[in-house]
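K.L.:
First the structure, which I've put down as structure tokens, then a few questions once you've had a look.
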Amino acid sequence: MNCPLPNQESCICDPGYILSAGECVPEANCGCTFEGFYYAEGQSVVLDGDCGRRCVCSSMSMICHQHQCGPEEVCGVHDEPSTTYITTNRSSIPPAVFYPFGAGDTENDRSDDGSSSVIYLLQQFIFFGQTYSRIYVNNNGHLTFDGPFHSWTPYQFPSYGERDLISPFWTDIDNRGNGVISYRQYTSGSVLTEATQDINQYFPDLSFSATWVFVATWDRVAYFPLSRTETSFQVVLISDGHFSFVLMNYGTIAPTQRYIQAGYDTISSRYHFSVPGSFSNNITNLTYSSNVNEPGRWAFRTDHGSRGCQFNGIPVQLGDSFWSDATCQQRCTCTSSGLQCSQEPCSYSQACRPASFQYSCQNIQRQTCTISGDPHYYTFDYQIFHFQGTCTYVLSEVSLSLKILWLSVDCIIDINQSVILKYFRLVATVYHTIALRAKMSIGAAHMCHGLGWS
């Protein structure tokens, strides 16, 4: 046999042995070649993208059976060989932005709307001028200082309420079926080193050195009621005794129709922040959003706030805007130069309504009613009515018990006449509705549309 390659020295197995997975083994213990890869005798491997097969090499043959990951496992790609898969415990692969959690943590009871017992802090934490020595981790996604808080329905920040509140993900959470809520304090070790590096990166002018870290984690918790969904997030409190910081970290966020409030609020809302996406349908974007250029992380300094303004003796945070009275003619904004107000009434598609502080111009939903034919009436709330004969019908009107102004559109249709519409100018009110009166003739082919506001 002619070999084109030059002779080379190498180690070979003794007679009766064969090289298998880098080791010399008896020929009877030779491994398996399967689907382009070699496996040693007795080696077990999970295959396919859904981890649907578990195969074992036995006597030079691969024996395969159906396989399914357990409830505490997730299917992931093994590095070598690249086409095989392994199952790993989910908690062993937390999101990159998460601080360590799990082993050594204190866990909350698995319950709906539960809370931790009082947690005495190993170092006092300053939160916008208030100094606290205890805290509560509440199952529904928030931290409180004055006692447990069981509310499952979030309110929007600012609330101008009576509670200091840190809420990385306030909603109705139920971990009776799945998910772990846990917390831990640190006063030494690698977690303090990590916190020091993070804060100096995000706030480089402080020369900060962490002396205390508190980590609370909601790991793969479900929405109420026992939905089996999985959402993971974390809040980290960091301090050196003078400066205080809050990190909010987000892993996978399960879609939901529930309201979510992420951010923080203070007594009377002197200082507050609402993470973008709160009270909207794109809350899953928290996994990718950030204010420190690190996807899934929001960082805040919380020992003090910037100087704000006053309106009728009530503090207003720098940058906040509001309308000063029930007419919404004048919008005021707190600036570094003080409170600045200017004429800025609500637009045609907005209504002036009470807000958490004073008033705001809020978008109003439009509905359309349609009248055609004999006539056939399709109402604002999608009901259908059929009327016969030439009469005057009240199609929609405001309740007389409500002391509000309203817009009317009169639509008169006759078989021998054109459509006549009379519009009345809409004035700024707290609520808007519409009244239509239509005079119809049998066989009229005209169509009348009315716009209503709810």
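Residue numbering restarts at 1 for every chain of the structure tokens, chains are lettered A, B, ... in their displayed order, and ligands are numbered from 1 as they appear.
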Got a sec: who's within 9 Å of segment 204-216 of chain A, counting only C-alpha atoms, leaving out chain neighbours fewer than 6 positions off, as a ChimeraX atom specification?

P.N.:
/A:99-101,105,121-123,137,143,181-188,191-197,233-241,243

K.L.:
Which residues, written as an NGL selection string, have at least one atom at most 6 Å from segment 320-335 of chain A, with only C-alpha atoms counted and residues fewer than 3 positions away on the same chain left out?

P.N.:
:A and (309 or 317 or 338-345 or 352 or 359-360)

K.L.:
Considering only C-alpha atoms, return as a ChimeraX atom specification whatever protein or nucleic-acid residues lie within 9 Å of Pro158 of chain A, sequence-local ones (same chain, fewer than 2 positions apart) excluded.

P.N.:
/A:155-156,160-161,264-266,268-274,356-357

K.L.:
Could you save the residues just selected, with N, CA, C and O atoms, as a PDB file, in the first residue's frame?

P.N.:
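Okay, this is what ended up in out24.pdb:
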```
ATOM      1  N   TYR A 155     -50.875  51.117  40.459  1.00  0.00           N
ATOM      2  CA  TYR A 155     -51.282  52.454  40.043  1.00  0.00           C
ATOM      3  C   TYR A 155     -50.093  53.108  39.350  1.00  0.00           C
ATOM      4  O   TYR A 155     -48.941  52.728  39.534  1.00  0.00           O
ATOM      5  N   GLN A 156     -50.390  54.091  38.512  1.00  0.00           N
ATOM      6  CA  GLN A 156     -49.339  54.729  37.725  1.00  0.00           C
ATOM      7  C   GLN A 156     -48.544  55.705  38.571  1.00  0.00           C
ATOM      8  O   GLN A 156     -49.079  56.378  39.463  1.00  0.00           O
ATOM      9  N   TYR A 160     -48.723  60.458  43.926  1.00  0.00           N
ATOM     10  CA  TYR A 160     -48.956  61.459  44.976  1.00  0.00           C
ATOM     11  C   TYR A 160     -49.597  60.804  46.197  1.00  0.00           C
ATOM     12  O   TYR A 160     -50.518  61.344  46.801  1.00  0.00           O
ATOM     13  N   GLY A 161     -49.081  59.626  46.527  1.00  0.00           N
ATOM     14  CA  GLY A 161     -49.602  58.856  47.648  1.00  0.00           C
ATOM     15  C   GLY A 161     -48.779  59.044  48.911  1.00  0.00           C
ATOM     16  O   GLY A 161     -48.030  60.016  49.064  1.00  0.00           O
ATOM     17  N   TYR A 264     -40.121  53.641  40.419  1.00  0.00           N
ATOM     18  CA  TYR A 264     -40.185  53.931  41.855  1.00  0.00           C
ATOM     19  C   TYR A 264     -41.036  55.172  42.083  1.00  0.00           C
ATOM     20  O   TYR A 264     -41.238  55.995  41.182  1.00  0.00           O
ATOM     21  N   ASP A 265     -41.532  55.294  43.311  1.00  0.00           N
ATOM     22  CA  ASP A 265     -42.343  56.444  43.694  1.00  0.00           C
ATOM     23  C   ASP A 265     -42.045  56.761  45.151  1.00  0.00           C
ATOM     24  O   ASP A 265     -41.626  55.877  45.922  1.00  0.00           O
ATOM     25  N   THR A 266     -42.246  58.006  45.544  1.00  0.00           N
ATOM     26  CA  THR A 266     -41.987  58.430  46.916  1.00  0.00           C
ATOM     27  C   THR A 266     -43.237  59.060  47.517  1.00  0.00           C
ATOM     28  O   THR A 266     -44.212  59.332  46.810  1.00  0.00           O
ATOM     29  N   SER A 268     -45.807  61.527  48.441  1.00  0.00           N
ATOM     30  CA  SER A 268     -46.236  62.735  47.726  1.00  0.00           C
ATOM     31  C   SER A 268     -45.611  62.857  46.346  1.00  0.00           C
ATOM     32  O   SER A 268     -45.729  63.897  45.693  1.00  0.00           O
ATOM     33  N   SER A 269     -44.923  61.796  45.878  1.00  0.00           N
ATOM     34  CA  SER A 269     -44.316  61.756  44.543  1.00  0.00           C
ATOM     35  C   SER A 269     -43.350  62.914  44.298  1.00  0.00           C
ATOM     36  O   SER A 269     -43.208  63.393  43.174  1.00  0.00           O
ATOM     37  N   ARG A 270     -42.671  63.317  45.370  1.00  0.00           N
ATOM     38  CA  ARG A 270     -41.658  64.364  45.177  1.00  0.00           C
ATOM     39  C   ARG A 270     -40.589  63.889  44.199  1.00  0.00           C
ATOM     40  O   ARG A 270     -40.065  64.666  43.405  1.00  0.00           O
ATOM     41  N   TYR A 271     -40.285  62.600  44.258  1.00  0.00           N
ATOM     42  CA  TYR A 271     -39.376  61.978  43.309  1.00  0.00           C
ATOM     43  C   TYR A 271     -40.030  60.689  42.808  1.00  0.00           C
ATOM     44  O   TYR A 271     -40.595  59.925  43.590  1.00  0.00           O
ATOM     45  N   HIS A 272     -39.930  60.452  41.526  1.00  0.00           N
ATOM     46  CA  HIS A 272     -40.572  59.278  40.950  1.00  0.00           C
ATOM     47  C   HIS A 272     -39.975  59.002  39.582  1.00  0.00           C
ATOM     48  O   HIS A 272     -39.362  59.878  38.956  1.00  0.00           O
ATOM     49  N   PHE A 273     -40.169  57.776  39.111  1.00  0.00           N
ATOM     50  CA  PHE A 273     -39.745  57.419  37.764  1.00  0.00           C
ATOM     51  C   PHE A 273     -40.557  56.220  37.309  1.00  0.00           C
ATOM     52  O   PHE A 273     -40.757  55.261  38.068  1.00  0.00           O
ATOM     53  N   SER A 274     -41.025  56.267  36.079  1.00  0.00           N
ATOM     54  CA  SER A 274     -41.764  55.163  35.479  1.00  0.00           C
ATOM     55  C   SER A 274     -40.961  54.641  34.298  1.00  0.00           C
ATOM     56  O   SER A 274     -40.691  55.379  33.341  1.00  0.00           O
ATOM     57  N   SER A 356     -53.366  62.024  38.306  1.00  0.00           N
ATOM     58  CA  SER A 356     -52.865  61.803  39.659  1.00  0.00           C
ATOM     59  C   SER A 356     -52.450  63.116  40.305  1.00  0.00           C
ATOM     60  O   SER A 356     -52.516  63.264  41.531  1.00  0.00           O
ATOM     61  N   PHE A 357     -52.022  64.094  39.481  1.00  0.00           N
ATOM     62  CA  PHE A 357     -51.733  65.424  39.966  1.00  0.00           C
ATOM     63  C   PHE A 357     -52.407  66.424  39.038  1.00  0.00           C
ATOM     64  O   PHE A 357     -52.105  66.482  37.843  1.00  0.00           O
TER      65      PHE A 357
END
```

K.L.:
Figure out the distance between atom CA of Pro225 of chain A and atom CA of Asp113 of chain A, please, to one decimal in Å.

P.N.:
11.0 Å

K.L.:
With only C-alpha atoms as the counted atoms, please give the residues lying no more than 12 Å from Tyr250 of chain A, apart from itself and same-chain residues fewer than 2 positions off, as number ranges by chain.

P.N.:
A: 94-99, 168-169, 217-220, 231-236, 247-248, 252-254, 262, 275, 283-290, 294-299

K.L.:
Print the selection's residues with N, CA, C and O atoms to a file, as a short mmCIF file (atom, residue, chain, number, x, y, z; two decimals), in the first residue's frame.

P.N.:
```
data_model
loop_
_atom_site.label_atom_id
_atom_site.label_comp_id
_atom_site.auth_asym_id
_atom_site.auth_seq_id
_atom_site.Cartn_x
_atom_site.Cartn_y
_atom_site.Cartn_z
N PRO A 94 -28.90 32.09 34.64
CA PRO A 94 -29.68 33.32 34.78
C PRO A 94 -29.29 34.32 33.72
O PRO A 94 -28.22 34.21 33.09
N PRO A 95 -30.14 35.33 33.47
CA PRO A 95 -29.79 36.38 32.52
C PRO A 95 -28.47 37.04 32.90
O PRO A 95 -28.12 37.12 34.08
N ALA A 96 -27.76 37.54 31.91
CA ALA A 96 -26.42 38.07 32.13
C ALA A 96 -26.41 39.23 33.11
O ALA A 96 -25.41 39.44 33.81
N VAL A 97 -27.48 40.03 33.16
CA VAL A 97 -27.48 41.21 34.03
C VAL A 97 -27.83 40.88 35.47
O VAL A 97 -27.72 41.74 36.35
N PHE A 98 -28.23 39.65 35.75
CA PHE A 98 -28.66 39.30 37.11
C PHE A 98 -27.46 39.16 38.05
O PHE A 98 -26.41 38.63 37.67
N TYR A 99 -27.63 39.63 39.27
CA TYR A 99 -26.68 39.35 40.34
C TYR A 99 -26.92 37.92 40.82
O TYR A 99 -28.00 37.35 40.60
N PRO A 168 -39.83 46.97 40.73
CA PRO A 168 -39.24 46.54 39.47
C PRO A 168 -40.26 45.98 38.49
O PRO A 168 -40.10 46.09 37.28
N PHE A 169 -41.38 45.39 39.04
CA PHE A 169 -42.37 44.79 38.13
C PHE A 169 -43.65 44.53 38.92
O PHE A 169 -43.95 43.41 39.31
N THR A 217 -34.97 38.63 44.08
CA THR A 217 -35.13 38.02 42.77
C THR A 217 -36.47 37.33 42.65
O THR A 217 -36.88 36.60 43.56
N TRP A 218 -37.15 37.57 41.54
CA TRP A 218 -38.37 36.84 41.17
C TRP A 218 -37.98 35.95 40.01
O TRP A 218 -37.79 36.41 38.87
N ASP A 219 -37.80 34.66 40.28
CA ASP A 219 -37.26 33.72 39.30
C ASP A 219 -38.36 32.86 38.69
O ASP A 219 -38.93 32.01 39.36
N ARG A 220 -38.69 33.13 37.44
CA ARG A 220 -39.65 32.35 36.66
C ARG A 220 -41.01 32.27 37.35
O ARG A 220 -41.63 31.21 37.44
N THR A 231 -41.81 34.58 34.23
CA THR A 231 -41.24 35.92 34.14
C THR A 231 -40.17 36.05 35.20
O THR A 231 -40.37 35.67 36.36
N SER A 232 -39.01 36.61 34.83
CA SER A 232 -37.89 36.75 35.76
C SER A 232 -37.40 38.20 35.80
O SER A 232 -37.20 38.82 34.76
N PHE A 233 -37.24 38.71 37.02
CA PHE A 233 -36.71 40.05 37.19
C PHE A 233 -36.06 40.14 38.57
O PHE A 233 -36.21 39.24 39.41
N GLN A 234 -35.35 41.22 38.80
CA GLN A 234 -34.55 41.35 40.02
C GLN A 234 -34.38 42.82 40.36
O GLN A 234 -34.33 43.68 39.47
N VAL A 235 -34.30 43.13 41.65
CA VAL A 235 -33.98 44.49 42.09
C VAL A 235 -32.79 44.40 43.05
O VAL A 235 -32.73 43.51 43.90
N VAL A 236 -31.84 45.31 42.88
CA VAL A 236 -30.61 45.32 43.67
C VAL A 236 -30.46 46.69 44.31
O VAL A 236 -30.45 47.71 43.62
N LEU A 247 -30.71 49.09 41.17
CA LEU A 247 -30.65 48.47 39.85
C LEU A 247 -31.89 47.62 39.66
O LEU A 247 -32.30 46.90 40.57
N MET A 248 -32.50 47.69 38.50
CA MET A 248 -33.62 46.82 38.12
C MET A 248 -33.18 46.00 36.93
O MET A 248 -32.84 46.55 35.87
N THR A 252 -36.40 37.12 31.01
CA THR A 252 -37.53 36.88 30.11
C THR A 252 -38.81 37.38 30.75
O THR A 252 -39.12 37.05 31.90
N ILE A 253 -39.57 38.18 30.02
CA ILE A 253 -40.85 38.72 30.49
C ILE A 253 -41.96 38.09 29.65
O ILE A 253 -42.00 38.28 28.43
N ALA A 254 -42.84 37.35 30.29
CA ALA A 254 -43.94 36.70 29.57
C ALA A 254 -44.97 37.74 29.16
O ALA A 254 -45.27 38.68 29.92
N ALA A 262 -43.40 49.59 36.43
CA ALA A 262 -42.00 49.43 36.79
C ALA A 262 -41.41 50.81 37.06
O ALA A 262 -41.63 51.74 36.28
N VAL A 275 -40.53 53.38 34.37
CA VAL A 275 -39.74 52.79 33.30
C VAL A 275 -40.60 52.73 32.03
O VAL A 275 -41.75 52.28 32.08
N ILE A 283 -44.60 45.53 27.35
CA ILE A 283 -43.82 45.35 28.57
C ILE A 283 -42.72 44.33 28.38
O ILE A 283 -41.70 44.36 29.09
N THR A 284 -42.85 43.40 27.43
CA THR A 284 -41.81 42.41 27.21
C THR A 284 -40.51 43.04 26.73
O THR A 284 -39.45 42.42 26.80
N ASN A 285 -40.56 44.29 26.27
CA ASN A 285 -39.36 44.98 25.82
C ASN A 285 -38.42 45.32 26.97
O ASN A 285 -37.28 45.76 26.73
N LEU A 286 -38.86 45.14 28.22
CA LEU A 286 -37.97 45.40 29.35
C LEU A 286 -36.70 44.56 29.26
O LEU A 286 -35.64 44.97 29.73
N THR A 287 -36.79 43.40 28.65
CA THR A 287 -35.63 42.53 28.50
C THR A 287 -34.52 43.20 27.70
O THR A 287 -33.34 42.89 27.88
N TYR A 288 -34.88 44.15 26.84
CA TYR A 288 -33.92 44.76 25.93
C TYR A 288 -33.70 46.25 26.19
O TYR A 288 -32.82 46.86 25.57
N SER A 289 -34.48 46.86 27.07
CA SER A 289 -34.37 48.30 27.30
C SER A 289 -33.37 48.59 28.41
O SER A 289 -33.04 47.72 29.23
N SER A 290 -32.89 49.83 28.47
CA SER A 290 -31.91 50.21 29.48
C SER A 290 -31.71 51.71 29.47
O SER A 290 -31.94 52.38 28.46
N GLU A 294 -27.00 48.84 28.83
CA GLU A 294 -26.82 47.42 29.13
C GLU A 294 -28.20 46.78 29.08
O GLU A 294 -28.99 46.93 30.03
N PRO A 295 -28.55 46.11 27.99
CA PRO A 295 -29.92 45.60 27.82
C PRO A 295 -30.41 44.80 29.02
O PRO A 295 -29.73 43.93 29.53
N GLY A 296 -31.62 45.17 29.45
CA GLY A 296 -32.23 44.49 30.59
C GLY A 296 -31.91 45.10 31.93
O GLY A 296 -32.31 44.56 32.96
N ARG A 297 -31.22 46.25 31.96
CA ARG A 297 -30.86 46.87 33.25
C ARG A 297 -31.19 48.35 33.25
O ARG A 297 -30.88 49.08 32.30
N TRP A 298 -31.80 48.79 34.37
CA TRP A 298 -32.05 50.20 34.64
C TRP A 298 -31.38 50.54 35.96
O TRP A 298 -31.50 49.80 36.93
N ALA A 299 -30.65 51.67 36.00
CA ALA A 299 -29.89 52.06 37.19
C ALA A 299 -30.29 53.46 37.62
O ALA A 299 -30.42 54.37 36.79
#
```
